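J.: So that you have it, the file is work.cif, and it contains mmCIF, C-alpha atoms and all ligand atoms:
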data_work
#
loop_
_atom_site.label_atom_id
_atom_site.label_comp_id
_atom_site.auth_asym_id
_atom_site.auth_seq_id
_atom_site.Cartn_x
_atom_site.Cartn_y
_atom_site.Cartn_z
CA MET P 18 -54.25 -16.34 -7.15
CA PHE P 19 -52.20 -16.19 -10.32
CA ILE P 20 -52.53 -12.41 -10.50
CA ARG P 21 -51.55 -12.07 -6.84
CA SER P 22 -48.62 -14.41 -7.36
CA LEU P 23 -47.54 -12.52 -10.46
CA ALA P 24 -47.76 -9.22 -8.57
CA ALA P 25 -45.79 -10.70 -5.72
CA ALA P 26 -43.26 -12.14 -8.16
CA LEU P 27 -42.87 -8.76 -9.85
CA PHE P 28 -42.48 -7.10 -6.47
CA TYR P 29 -39.75 -9.52 -5.41
CA LEU P 30 -38.10 -9.30 -8.82
CA SER P 31 -37.95 -5.50 -8.69
CA TRP P 32 -36.65 -5.69 -5.10
CA MET P 33 -33.97 -8.16 -6.14
CA VAL P 34 -32.94 -5.92 -9.05
CA LEU P 35 -32.63 -2.98 -6.66
CA PHE P 36 -30.76 -5.12 -4.12
CA LEU P 37 -28.34 -6.63 -6.65
CA GLY P 38 -27.93 -3.24 -8.23
CA SER P 39 -26.81 -1.77 -4.94
CA ILE P 40 -24.32 -4.62 -4.45
CA THR P 41 -22.97 -4.18 -7.95
CA ALA P 42 -22.66 -0.44 -7.38
CA GLY P 43 -20.69 -1.18 -4.17
CA VAL P 44 -18.34 -3.52 -5.98
CA CYS P 45 -17.87 -1.02 -8.80
CA ALA P 46 -17.02 1.71 -6.31
CA LYS P 47 -14.33 -0.52 -4.87
CA VAL P 48 -12.97 -1.51 -8.25
CA THR P 49 -12.78 2.06 -9.49
CA GLU P 50 -10.78 3.04 -6.41
CA ASP P 51 -7.09 2.20 -6.63
CA PHE P 52 -7.31 0.17 -3.45
CA VAL P 53 -8.50 0.32 0.14
CA TRP P 54 -6.23 1.90 2.75
CA HIS P 55 -6.03 0.46 6.26
CA HIS P 56 -5.12 2.70 9.19
CA LEU P 57 -2.83 2.39 12.17
CA GLU P 58 -3.14 5.30 14.58
CA THR P 59 -0.12 6.00 16.78
CA ARG P 60 0.50 8.77 19.30
CA HIS P 61 1.78 11.20 16.66
CA THR P 62 0.77 9.73 13.31
CA ILE P 63 -1.88 7.92 11.32
CA ILE P 64 -0.21 5.29 9.14
CA HIS P 65 -2.09 4.31 6.00
CA TYR P 66 -1.16 0.99 4.40
CA ARG P 67 -2.62 -1.34 1.86
CA SER P 68 -1.83 -4.73 3.39
CA ILE P 69 -0.07 -6.26 6.39
CA GLU P 70 2.75 -7.27 4.05
CA ASP P 71 3.27 -3.60 3.19
CA LEU P 72 3.37 -2.75 6.89
CA LYS P 73 5.95 -5.52 7.43
CA GLN P 74 8.09 -4.16 4.60
CA PHE P 75 7.89 -0.70 6.18
CA ASP P 76 8.98 -2.21 9.52
CA ARG P 77 11.93 -4.02 7.88
CA LYS P 78 13.19 -0.82 6.28
CA ILE P 79 12.98 1.34 9.40
CA ALA P 80 15.83 0.57 11.79
CA TYR P 81 15.03 2.51 14.92
CA HIS P 82 14.61 1.40 18.51
CA THR P 83 13.68 3.33 21.60
CA GLY P 84 13.88 2.69 25.29
CA LYS P 85 16.68 1.83 27.69
CA TRP P 86 17.30 -1.59 26.09
CA GLY P 87 18.29 0.04 22.79
CA VAL P 88 19.46 -2.50 20.21
CA LEU P 89 19.12 -5.33 22.74
CA SER P 90 15.38 -4.80 22.67
CA THR P 91 15.33 -6.18 19.14
CA ILE P 92 16.80 -9.44 20.42
CA PHE P 93 14.99 -9.90 23.71
CA ARG P 94 11.73 -8.03 23.53
CA SER P 95 10.48 -7.38 20.02
CA ASN P 96 9.46 -10.96 19.33
CA SER P 97 6.42 -10.54 21.55
CA ASP P 98 5.40 -7.30 19.81
CA THR P 99 2.88 -7.41 17.02
CA ILE P 100 3.75 -5.77 13.75
CA HIS P 101 1.47 -2.90 14.77
CA ASP P 102 3.37 -2.47 18.07
CA LYS P 103 6.74 -2.48 16.32
CA VAL P 104 5.74 0.05 13.68
CA THR P 105 4.06 2.26 16.30
CA LYS P 106 7.15 2.33 18.54
CA LYS P 107 9.53 3.06 15.69
CA THR P 108 7.41 5.77 14.10
CA ASP P 109 6.58 7.59 17.33
CA GLY P 110 10.20 7.20 18.44
CA ILE P 111 11.45 8.85 15.26
CA PHE P 112 8.82 11.60 15.50
CA GLU P 113 9.80 12.40 19.10
CA LYS P 114 13.53 12.33 18.26
CA ALA P 115 12.86 14.80 15.42
CA GLN P 116 10.95 17.06 17.83
CA GLN P 117 13.85 16.85 20.29
CA LEU P 118 16.50 17.63 17.65
CA LEU P 119 14.52 20.61 16.40
CA ASP P 120 13.50 21.66 19.93
CA MET P 121 9.99 22.00 18.55
CA ARG P 122 7.80 20.21 21.04
CA LYS P 123 4.17 21.17 21.14
CA ARG P 124 0.90 19.38 20.59
CA MET P 125 0.27 18.99 16.88
CA ASP P 126 -2.28 17.31 14.66
CA LYS P 127 -1.30 13.77 13.78
CA VAL P 128 0.66 13.52 10.57
CA ASN P 129 -0.57 11.04 7.95
CA ILE P 130 1.94 8.55 6.57
CA TYR P 131 1.01 6.76 3.35
CA ILE P 132 3.04 3.63 2.64
CA CYS P 133 3.23 3.11 -1.12
CA ARG P 134 4.20 -0.24 -2.59
CA ASN P 135 6.48 0.99 -5.29
CA LYS P 136 7.80 4.01 -7.15
CA LYS P 137 4.83 4.07 -9.52
CA GLN P 138 2.31 4.29 -6.69
CA LEU P 139 4.38 7.01 -5.02
CA HIS P 140 4.53 9.01 -8.25
CA ASP P 141 0.85 8.43 -9.10
CA ASN P 142 -0.20 9.84 -5.72
CA TYR P 143 2.01 12.87 -6.24
CA TYR P 144 0.52 13.50 -9.65
CA LYS P 145 -3.05 13.17 -8.32
CA ILE P 146 -2.37 15.91 -5.75
CA PHE P 147 0.00 18.28 -7.54
CA ARG P 148 -0.79 17.60 -11.22
CA ARG P 149 2.88 17.46 -12.13
CA PRO P 150 5.45 14.65 -12.37
CA CYS P 151 7.14 13.48 -9.16
CA ARG P 152 10.93 13.57 -8.92
CA TYR P 153 11.20 12.64 -5.23
CA ARG P 154 11.96 9.39 -3.41
CA ALA P 155 9.58 10.44 -0.61
CA TRP P 156 7.59 13.62 -0.08
CA TYR P 157 5.48 15.68 2.28
CA ALA P 158 2.32 17.64 1.43
CA TYR P 159 1.60 20.49 3.86
CA GLU P 160 -1.98 20.91 2.64
CA LEU P 161 -2.79 17.31 3.63
CA ASN P 162 -0.28 17.07 6.48
CA ALA P 163 0.77 13.85 4.77
CA VAL P 164 4.03 12.04 4.17
CA TYR P 165 4.25 9.61 1.27
CA VAL P 166 6.95 6.92 1.22
CA ASN P 167 7.76 3.94 -0.98
CA HIS P 168 8.65 0.90 1.14
CA GLN P 169 10.93 -0.43 -1.61
CA ASP P 170 13.12 2.65 -1.28
CA LEU P 171 13.01 3.77 2.31
CA ASP P 172 15.10 4.10 5.45
CA GLU P 173 14.70 5.67 8.88
CA GLY P 174 16.58 8.81 7.79
CA MET P 175 14.13 9.48 4.97
CA LEU P 176 11.15 8.97 7.26
CA SER P 177 12.64 11.30 9.90
CA HIS P 178 13.30 13.93 7.22
CA GLU P 179 9.70 13.95 5.99
CA LEU P 180 8.25 13.90 9.53
CA ALA P 181 10.54 16.82 10.36
CA HIS P 182 8.94 18.81 7.53
CA SER P 183 5.55 18.34 9.17
CA ILE P 184 6.88 19.37 12.59
CA ILE P 185 8.66 22.45 11.19
CA ASP P 186 5.67 23.61 9.16
CA HIS P 187 3.25 23.24 12.07
CA TYR P 188 5.40 24.51 14.92
CA LEU P 189 5.85 28.05 13.70
CA LEU P 190 2.89 30.38 13.21
CA VAL P 191 4.27 31.26 9.79
CA ARG P 192 5.81 28.50 7.70
CA PRO P 193 9.53 29.08 7.19
CA PRO P 194 10.96 29.53 3.68
CA ARG P 195 11.40 26.26 1.84
CA ALA P 196 15.21 26.47 1.88
CA SER P 197 15.27 26.98 5.66
CA ALA P 198 12.85 24.08 6.21
CA GLU P 199 15.06 21.88 4.02
CA ILE P 200 18.16 22.69 6.08
CA LEU P 201 16.32 21.86 9.32
CA ALA P 202 14.82 18.61 7.96
CA SER P 203 18.24 17.53 6.67
CA TYR P 204 19.73 18.23 10.09
CA VAL P 205 17.21 15.78 11.59
CA ASP P 206 18.00 12.90 9.24
CA ARG P 207 21.77 13.41 9.71
CA HIS P 208 21.56 13.42 13.52
CA LEU P 209 18.83 10.85 14.08
CA PHE P 210 21.18 8.52 15.97
CA ASP P 211 23.09 11.16 17.95
ZN ZN J 1 13.04 17.91 2.46
#
Would you mind giving the structure from this file in structure tokens?

T.:
Amino acid sequence: MFIRSLAAALFYLSWMVLFLGSITAGVCAKVTEDFVWHHLETRHTIIHYRSIEDLKQFDRKIAYHTGKWGVLSTIFRSNSDTIHDKVTKKTDGIFEKAQQLLDMRKRMDKVNIYICRNKKQLHDNYYKIFRRPCRYRAWYAYELNAVYVNHQDLDEGMLSHELAHSIIDHYLLVRPPRASAEILASYVDRHLFD
């Protein structure tokens, strides 16, 4: 009986060690990551954000409204929208306006938008990808089809500019020279409200 109990105890002990070990490994994996990204998929984009508060900050910085109600929609209709609805409408609205301004409308892969909390996070992400210091307020990486923005330093013009880079680079079979792409993207942010 004792021997059987001891064997059983050892069995359970080893199982618990394995079980706790796996939990600890899971926790470590999370800790070693910078943070966990949440996703909001819209018609044209996949928005990656760290917390609802970050998504709200993004929403506050982006002044853009679509539909026949225009600005009035902010007064009469937006209160019933969730934060996800509001961000989705604004982002897709800006994307479609950029497509219209560029006259580059075709089906494209969804562009990733990463909402960083501050300049440091924006620059850290740039360094991780390009291995050189970041000197931009927002940026676009063709290889990842990703736009990175900092919600502390952001407006609708900046977002439209970076989304335009994705549209321009994916519309043409051959990517245009960087200077040409820059002229086109700048045209979009200057004429967003035309
Ligand atoms: Zn640019």

J.: With a cut-off of 10 Å, could you pull out the residues of chain P touching ligand ZN 1 (chain J) and give me the nearest pair of atoms for each, distance in Å to one decimal, using only C-alpha atoms and all ligand atoms, ordered by chain and ascending number, as CSV?

T.:
residue,atom,partner,partner_atom,distance
P:Tyr153,CA,J:ZN1,ZN,9.5
P:Ala155,CA,J:ZN1,ZN,8.8
P:Trp156,CA,J:ZN1,ZN,7.4
P:Tyr157,CA,J:ZN1,ZN,7.9
P:Met175,CA,J:ZN1,ZN,8.9
P:Ser177,CA,J:ZN1,ZN,10.0
P:His178,CA,J:ZN1,ZN,6.2
P:Glu179,CA,J:ZN1,ZN,6.3
P:Leu180,CA,J:ZN1,ZN,9.4
P:Ala181,CA,J:ZN1,ZN,8.4
P:His182,CA,J:ZN1,ZN,6.6
P:Arg195,CA,J:ZN1,ZN,8.5
P:Ala196,CA,J:ZN1,ZN,8.8
P:Ser197,CA,J:ZN1,ZN,9.9
P:Ala198,CA,J:ZN1,ZN,7.2
P:Glu199,CA,J:ZN1,ZN,4.7
P:Ile200,CA,J:ZN1,ZN,7.9
P:Leu201,CA,J:ZN1,ZN,8.6
P:Ala202,CA,J:ZN1,ZN,5.8
P:Ser203,CA,J:ZN1,ZN,6.7
P:Asp206,CA,J:ZN1,ZN,9.8

J.: Can you list, as a list in words, every protein, DNA or RNA residue that comes within 10 Å of Lys107 in chain P when you count only C-alpha atoms, leaving out same-chain residues fewer than 6 positions away?

T.: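 Near Lys107 in chain P, the qualifying residues are Asp76, Ile79, Ala80, Tyr81, His82, Thr83, Glu113 and Glu173 of chain P.
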
J.: Contacts of range 123-140 of chain P at 10 Å or less, counting only C-alpha atoms, minus same-chain residues fewer than 3 places along, as an MDAnalysis selection string?

T.: chainID P and resid 51 54:68 70:72 74:75 108 112 116 120 143:145 149:159 161:171 176 179:180 183:184 187:188

J.: Would you please work out which residue, of P:Arg192, P:Arg207, P:Lys73, P:Phe147, is nearest to Asp102 in chain P when using all atoms listed in the file?

T.: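 Of all the options, P:Lys73 lies closest to Asp102 in chain P.
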
J.: Which value, in Å to one decimal, gives the distance between CA of Val191 in chain P and CA of Arg122 in chain P?

T.: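 Between CA of Val191 in chain P and CA of Arg122 in chain P the gap is 16.2 Å.
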
J.: Report the distance between CA of Ile100 in chain P and CA of Glu160 in chain P in Å, rounded to one decimal place.

T.: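 These atoms are spaced 29.5 Å apart.
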
J.: Using Å and a single decimal, report how far CA of Gly110 in chain P sits from CA of Leu190 in chain P.

T.: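 We find that CA of Leu190 in chain P and CA of Gly110 in chain P lie 24.9 Å from each other.
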